[in-house]
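For reference, protein29.pdb (PDB, C-alpha atoms):
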ATOM      1  CA  MET A   1      29.299 -20.410  18.278
ATOM      2  CA  LYS A   2      25.492 -20.271  18.332
ATOM      3  CA  LYS A   3      25.577 -16.872  20.034
ATOM      4  CA  TYR A   4      27.930 -15.552  17.370
ATOM      5  CA  LEU A   5      25.717 -16.866  14.565
ATOM      6  CA  LEU A   6      22.593 -15.432  16.187
ATOM      7  CA  PHE A   7      24.321 -12.063  16.590
ATOM      8  CA  LEU A   8      25.409 -12.132  12.933
ATOM      9  CA  VAL A   9      21.843 -12.917  11.770
ATOM     10  CA  PHE A  10      20.463 -10.103  13.929
ATOM     11  CA  ILE A  11      22.979  -7.588  12.527
ATOM     12  CA  THR A  12      22.260  -8.717   8.964
ATOM     13  CA  LEU A  13      18.496  -8.380   9.394
ATOM     14  CA  ASN A  14      18.866  -5.075  11.200
ATOM     15  CA  SER A  15      21.090  -3.582   8.497
ATOM     16  CA  PHE A  16      18.733  -4.923   5.808
ATOM     17  CA  ALA A  17      15.810  -3.104   7.411
ATOM     18  CA  GLN A  18      17.722   0.185   7.511
ATOM     19  CA  ASN A  19      18.547   0.314   3.794
ATOM     20  CA  HIS A  20      15.069   1.318   2.672
ATOM     21  CA  HIS A  21      11.862   2.937   3.899
ATOM     22  CA  PHE A  22       9.688  -0.185   3.713
ATOM     23  CA  LYS A  23       8.116  -1.528   6.873
ATOM     24  CA  ALA A  24       6.051  -4.604   7.664
ATOM     25  CA  GLU A  25       3.280  -4.651  10.255
ATOM     26  CA  ARG A  26       0.376  -7.087  10.614
ATOM     27  CA  LYS A  27       1.849  -9.043   7.668
ATOM     28  CA  GLU A  28       1.367  -6.015   5.397
ATOM     29  CA  VAL A  29       4.097  -4.010   3.673
ATOM     30  CA  PHE A  30       4.055  -0.257   3.394
ATOM     31  CA  TRP A  31       6.553   2.394   2.303
ATOM     32  CA  GLN A  32       6.820   5.644   4.214
ATOM     33  CA  MET A  33       9.004   8.661   3.581
ATOM     34  CA  ALA A  34       8.999  12.280   4.741
ATOM     35  CA  PHE A  35      10.042  15.295   2.696
ATOM     36  CA  LYS A  36      10.926  18.835   3.771
ATOM     37  CA  THR A  37       9.557  21.569   1.507
ATOM     38  CA  SER A  38       8.505  25.195   1.398
ATOM     39  CA  GLU A  39       5.783  24.382  -1.139
ATOM     40  CA  THR A  40       2.254  24.861   0.117
ATOM     41  CA  ASP A  41       0.042  22.821  -2.239
ATOM     42  CA  VAL A  42       1.752  19.436  -1.958
ATOM     43  CA  PRO A  43      -1.296  17.236  -2.794
ATOM     44  CA  ASN A  44      -1.896  19.172  -6.010
ATOM     45  CA  LEU A  45       1.795  18.979  -6.985
ATOM     46  CA  ILE A  46       1.813  15.208  -6.425
ATOM     47  CA  ASP A  47      -1.435  14.866  -8.381
ATOM     48  CA  LYS A  48       0.144  16.648 -11.352
ATOM     49  CA  ASN A  49       3.428  14.712 -11.077
ATOM     50  CA  HIS A  50       2.192  11.579 -12.881
ATOM     51  CA  THR A  51      -0.827  10.889 -15.086
ATOM     52  CA  LYS A  52      -1.562   7.564 -13.357
ATOM     53  CA  ILE A  53      -1.662   9.049  -9.838
ATOM     54  CA  THR A  54      -4.816  10.692  -8.475
ATOM     55  CA  VAL A  55      -5.110  12.518  -5.171
ATOM     56  CA  ASN A  56      -8.355  13.101  -3.297
ATOM     57  CA  LYS A  57      -7.687  16.597  -1.969
ATOM     58  CA  GLU A  58     -10.446  16.335   0.656
ATOM     59  CA  ASP A  59      -8.607  13.723   2.711
ATOM     60  CA  ASN A  60      -5.152  13.639   1.023
ATOM     61  CA  THR A  61      -5.426   9.999   0.029
ATOM     62  CA  GLY A  62      -4.923   8.648  -3.438
ATOM     63  CA  LYS A  63      -4.455   5.793  -5.830
ATOM     64  CA  GLY A  64      -2.006   4.841  -8.518
ATOM     65  CA  ALA A  65      -3.226   2.572 -11.314
ATOM     66  CA  SER A  66      -1.363   0.538 -13.930
ATOM     67  CA  LEU A  67       2.031   1.859 -12.825
ATOM     68  CA  ASN A  68       5.222   0.407 -14.297
ATOM     69  CA  CYS A  69       8.557   0.310 -12.545
ATOM     70  CA  ASP A  70      11.599  -0.299 -14.733
ATOM     71  CA  CYS A  71      13.710  -2.547 -12.545
ATOM     72  CA  LYS A  72      16.502  -4.255 -14.424
ATOM     73  CA  GLY A  73      17.401  -7.569 -12.848
ATOM     74  CA  GLY A  74      14.474  -7.441 -10.447
ATOM     75  CA  GLY A  75      11.870 -10.074  -9.766
ATOM     76  CA  TRP A  76       9.555 -11.253 -12.518
ATOM     77  CA  TYR A  77       6.698  -9.318 -10.933
ATOM     78  CA  PHE A  78       8.367  -6.046 -11.967
ATOM     79  CA  GLU A  79       7.450  -6.920 -15.535
ATOM     80  CA  GLN A  80       3.805  -6.486 -14.476
ATOM     81  CA  SER A  81       2.043  -3.196 -13.904
ATOM     82  CA  PHE A  82       0.761  -2.566 -10.390
ATOM     83  CA  ASP A  83      -1.753  -0.530  -8.424
ATOM     84  CA  LEU A  84      -1.250   1.136  -5.061
ATOM     85  CA  SER A  85      -2.955   3.303  -2.482
ATOM     86  CA  PHE A  86      -1.323   6.140  -0.582
ATOM     87  CA  SER A  87      -1.914   8.862   1.969
ATOM     88  CA  ILE A  88      -0.210  12.224   2.450
ATOM     89  CA  GLU A  89       0.211  13.682   5.910
ATOM     90  CA  LEU A  90       0.957  17.407   5.970
ATOM     91  CA  SER A  91       2.815  19.312   8.662
ATOM     92  CA  GLU A  92       4.487  22.710   8.833
ATOM     93  CA  GLY A  93       7.242  22.716   6.190
ATOM     94  CA  LYS A  94       7.088  18.987   5.467
ATOM     95  CA  TYR A  95       4.918  16.092   4.353
ATOM     96  CA  GLN A  96       4.964  12.345   4.707
ATOM     97  CA  VAL A  97       3.760   9.841   2.124
ATOM     98  CA  THR A  98       2.647   6.330   3.061
ATOM     99  CA  VAL A  99       2.197   3.838   0.203
ATOM    100  CA  TYR A 100       0.294   0.627   0.873
ATOM    101  CA  ASN A 101      -1.862  -1.998  -0.822
ATOM    102  CA  ILE A 102       0.652  -2.618  -3.634
ATOM    103  CA  ILE A 103      -0.852  -5.214  -5.972
ATOM    104  CA  PHE A 104       0.752  -6.447  -9.178
ATOM    105  CA  ASP A 105      -1.379  -7.406 -12.170
ATOM    106  CA  GLY A 106      -1.803 -11.097 -12.742
ATOM    107  CA  GLU A 107      -3.543 -13.527 -15.010
ATOM    108  CA  SER A 108      -6.462 -14.183 -12.676
ATOM    109  CA  GLU A 109      -9.207 -11.758 -11.753
ATOM    110  CA  ASP A 110      -8.412 -12.195  -8.052
ATOM    111  CA  ASN A 111      -5.091 -10.403  -7.547
ATOM    112  CA  ASN A 112      -4.839 -11.077  -3.792
ATOM    113  CA  ASN A 113      -2.010 -13.524  -4.516
ATOM    114  CA  ASN A 114      -0.108 -10.754  -6.326
ATOM    115  CA  ARG A 115       0.321  -8.499  -3.312
ATOM    116  CA  LEU A 116       3.855  -7.234  -2.657
ATOM    117  CA  GLU A 117       3.806  -8.987   0.733
ATOM    118  CA  ASN A 118       3.741 -12.374  -1.001
ATOM    119  CA  TYR A 119       7.066 -11.634  -2.707
ATOM    120  CA  VAL A 120       9.104  -9.770  -0.097
ATOM    121  CA  LEU A 121       8.018 -11.169   3.284
ATOM    122  CA  ARG A 122       8.600 -14.575   4.788
ATOM    123  CA  LEU A 123       5.336 -16.514   4.661
ATOM    124  CA  GLY A 124       3.006 -15.410   7.454
ATOM    125  CA  GLN A 125       5.600 -13.168   9.112
ATOM    126  CA  ASN A 126       6.551  -9.492   9.381
ATOM    127  CA  VAL A 127      10.105 -10.308   8.304
ATOM    128  CA  PHE A 128      11.583  -9.355   4.933
ATOM    129  CA  HIS A 129      13.465 -12.021   2.988
ATOM    130  CA  PRO A 130      17.109 -10.986   3.662
ATOM    131  CA  THR A 131      18.344 -11.772   0.160
ATOM    132  CA  GLU A 132      20.295  -9.488  -2.123
ATOM    133  CA  LYS A 133      17.641  -9.788  -4.840
ATOM    134  CA  ASN A 134      14.853  -8.844  -2.436
ATOM    135  CA  LEU A 135      16.815  -5.796  -1.272
ATOM    136  CA  LYS A 136      17.426  -4.824  -4.905
ATOM    137  CA  ASN A 137      13.680  -5.121  -5.650
ATOM    138  CA  LEU A 138      12.734  -2.973  -2.658
ATOM    139  CA  MET A 139      15.377  -0.360  -3.488
ATOM    140  CA  CYS A 140      14.113  -0.178  -7.058
ATOM    141  CA  LEU A 141      10.539   0.331  -5.850
ATOM    142  CA  GLU A 142      11.751   2.966  -3.404
ATOM    143  CA  THR A 143      13.489   4.909  -6.192
ATOM    144  CA  TYR A 144      10.276   4.798  -8.213
ATOM    145  CA  PHE A 145       8.141   5.943  -5.256
ATOM    146  CA  ILE A 146      10.480   8.862  -4.575
ATOM    147  CA  LYS A 147      10.124   9.868  -8.221
ATOM    148  CA  LEU A 148       6.321   9.723  -7.892
ATOM    149  CA  PHE A 149       5.933  11.572  -4.604
ATOM    150  CA  LYS A 150       8.819  14.010  -4.273
ATOM    151  CA  THR A 151       7.789  17.516  -5.241
ATOM    152  CA  PRO A 152      10.322  19.661  -7.162
ATOM    153  CA  ALA A 153      11.677  21.667  -4.207
ATOM    154  CA  ALA A 154      11.480  18.865  -1.616
ATOM    155  CA  GLU A 155      14.269  16.915   0.044
ATOM    156  CA  SER A 156      14.016  13.844   2.246
ATOM    157  CA  THR A 157      13.891  14.341   6.001
ATOM    158  CA  GLU A 158      12.824  12.649   9.217
ATOM    159  CA  TRP A 159       9.201  12.904  10.315
TER     160      TRP A 159
END
For this file, write the structure as structure tokens.
Amino acid sequence: MKKYLLFLVFITLNSFAQNHHFKAERKEVFWQMAFKTSETDVPNLIDKNHTKITVNKEDNTGKGASLNCDCKGGGWYFEQSFDLSFSIELSEGKYQVTVYNIIFDGESEDNNNNRLENYVLRLGQNVFHPTEKNLKNLMCLETYFIKLFKTPAAESTEW
């Protein structure tokens, strides 16, 4: 019976991890997605895609400030604006965006407690909370990130 339960937990966690492009390493959460495109000036297109996103075209890194994600039924933290950092890796005919350092606004000046990791990971681990609400929150963020970083002629692909 224990083997069956362990197998079921493993399958549940494994399928949870495959439903989105979020990853956890070193107790930090990041989102990573690749897009295929024939467009040549991807950093500039992303920079122009949203007024609250800025791209440093020298090293293809950037920041998003005071972003708002409209997630109905999500966690309370989605009612707060958030900041993020990102990098763009370019390759022939495709690009990959990595979003990290996602910090929600809070009441205190020190927002380290408002990091995405504190809401979606098990305390001190690289394991996502396998709840339906957590999956819904991550999927909502993913939809928002795709909207921010997908250029007009791009489509998702494998890196």
Practice problem: Report the residues retrieved by the PyMOL selection byres ((chain A and resi 146) around 12) from the displayed file, expressed as a ChimeraX atom specification. | Solution: /A:20-21,31-35,46,49,69,96-99,139-145,147-152,154-156
Practice problem: Go through A:Ile88, A:Val29, A:Leu116, A:Leu67 and flag the residue nearest Asn44 (chain A), using all atoms listed in the file for the distances. | Solution: A:Ile88
Quiz item: Within 12 Å of (9.0, -10.1, 2.7), only C-alpha atoms: residues as a PyMOL selection string?
Solution: chain A and resi 13+16-17+22-25+27-30+115-131+133-135+137-138
Quiz item: Hey, can you check how far CA of Ile103 (chain A) sits from CA of Thr157 (chain A)?
Solution: 27.3 Å
Exercise. Return as a list in words the set of residues that the PyMOL selection byres ((chain A and resi 73) around 9) yields on the displayed structure.
Key: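 So the PyMOL selection byres ((chain A and resi 73) around 9), applied here, picks out Cys71, Lys72, Gly74, Gly75, Trp76, Lys133, Lys136 and Asn137 of chain A.
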Practice problem: Measure the distance from CA of Thr51 (chain A) to CA of Glu89 (chain A) in Å and round it to one decimal. | Solution: 21.2 Å
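Atom pair CA of Ala153 (chain A) / CA of Phe78 (chain A): separated by 29.0 Å.
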Quiz item: Which residues, protein or nucleic acid, reach to within 6 Å of (6.8, 20.7, 1.2) in the file's coordinates when using all atoms listed in the file, and can you give that as a list in words?
Solution: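 Collected hits near the coordinates: Lys36, Thr37, Ser38, Glu39, Gly93, Lys94, Tyr95 and Ala154 of chain A.
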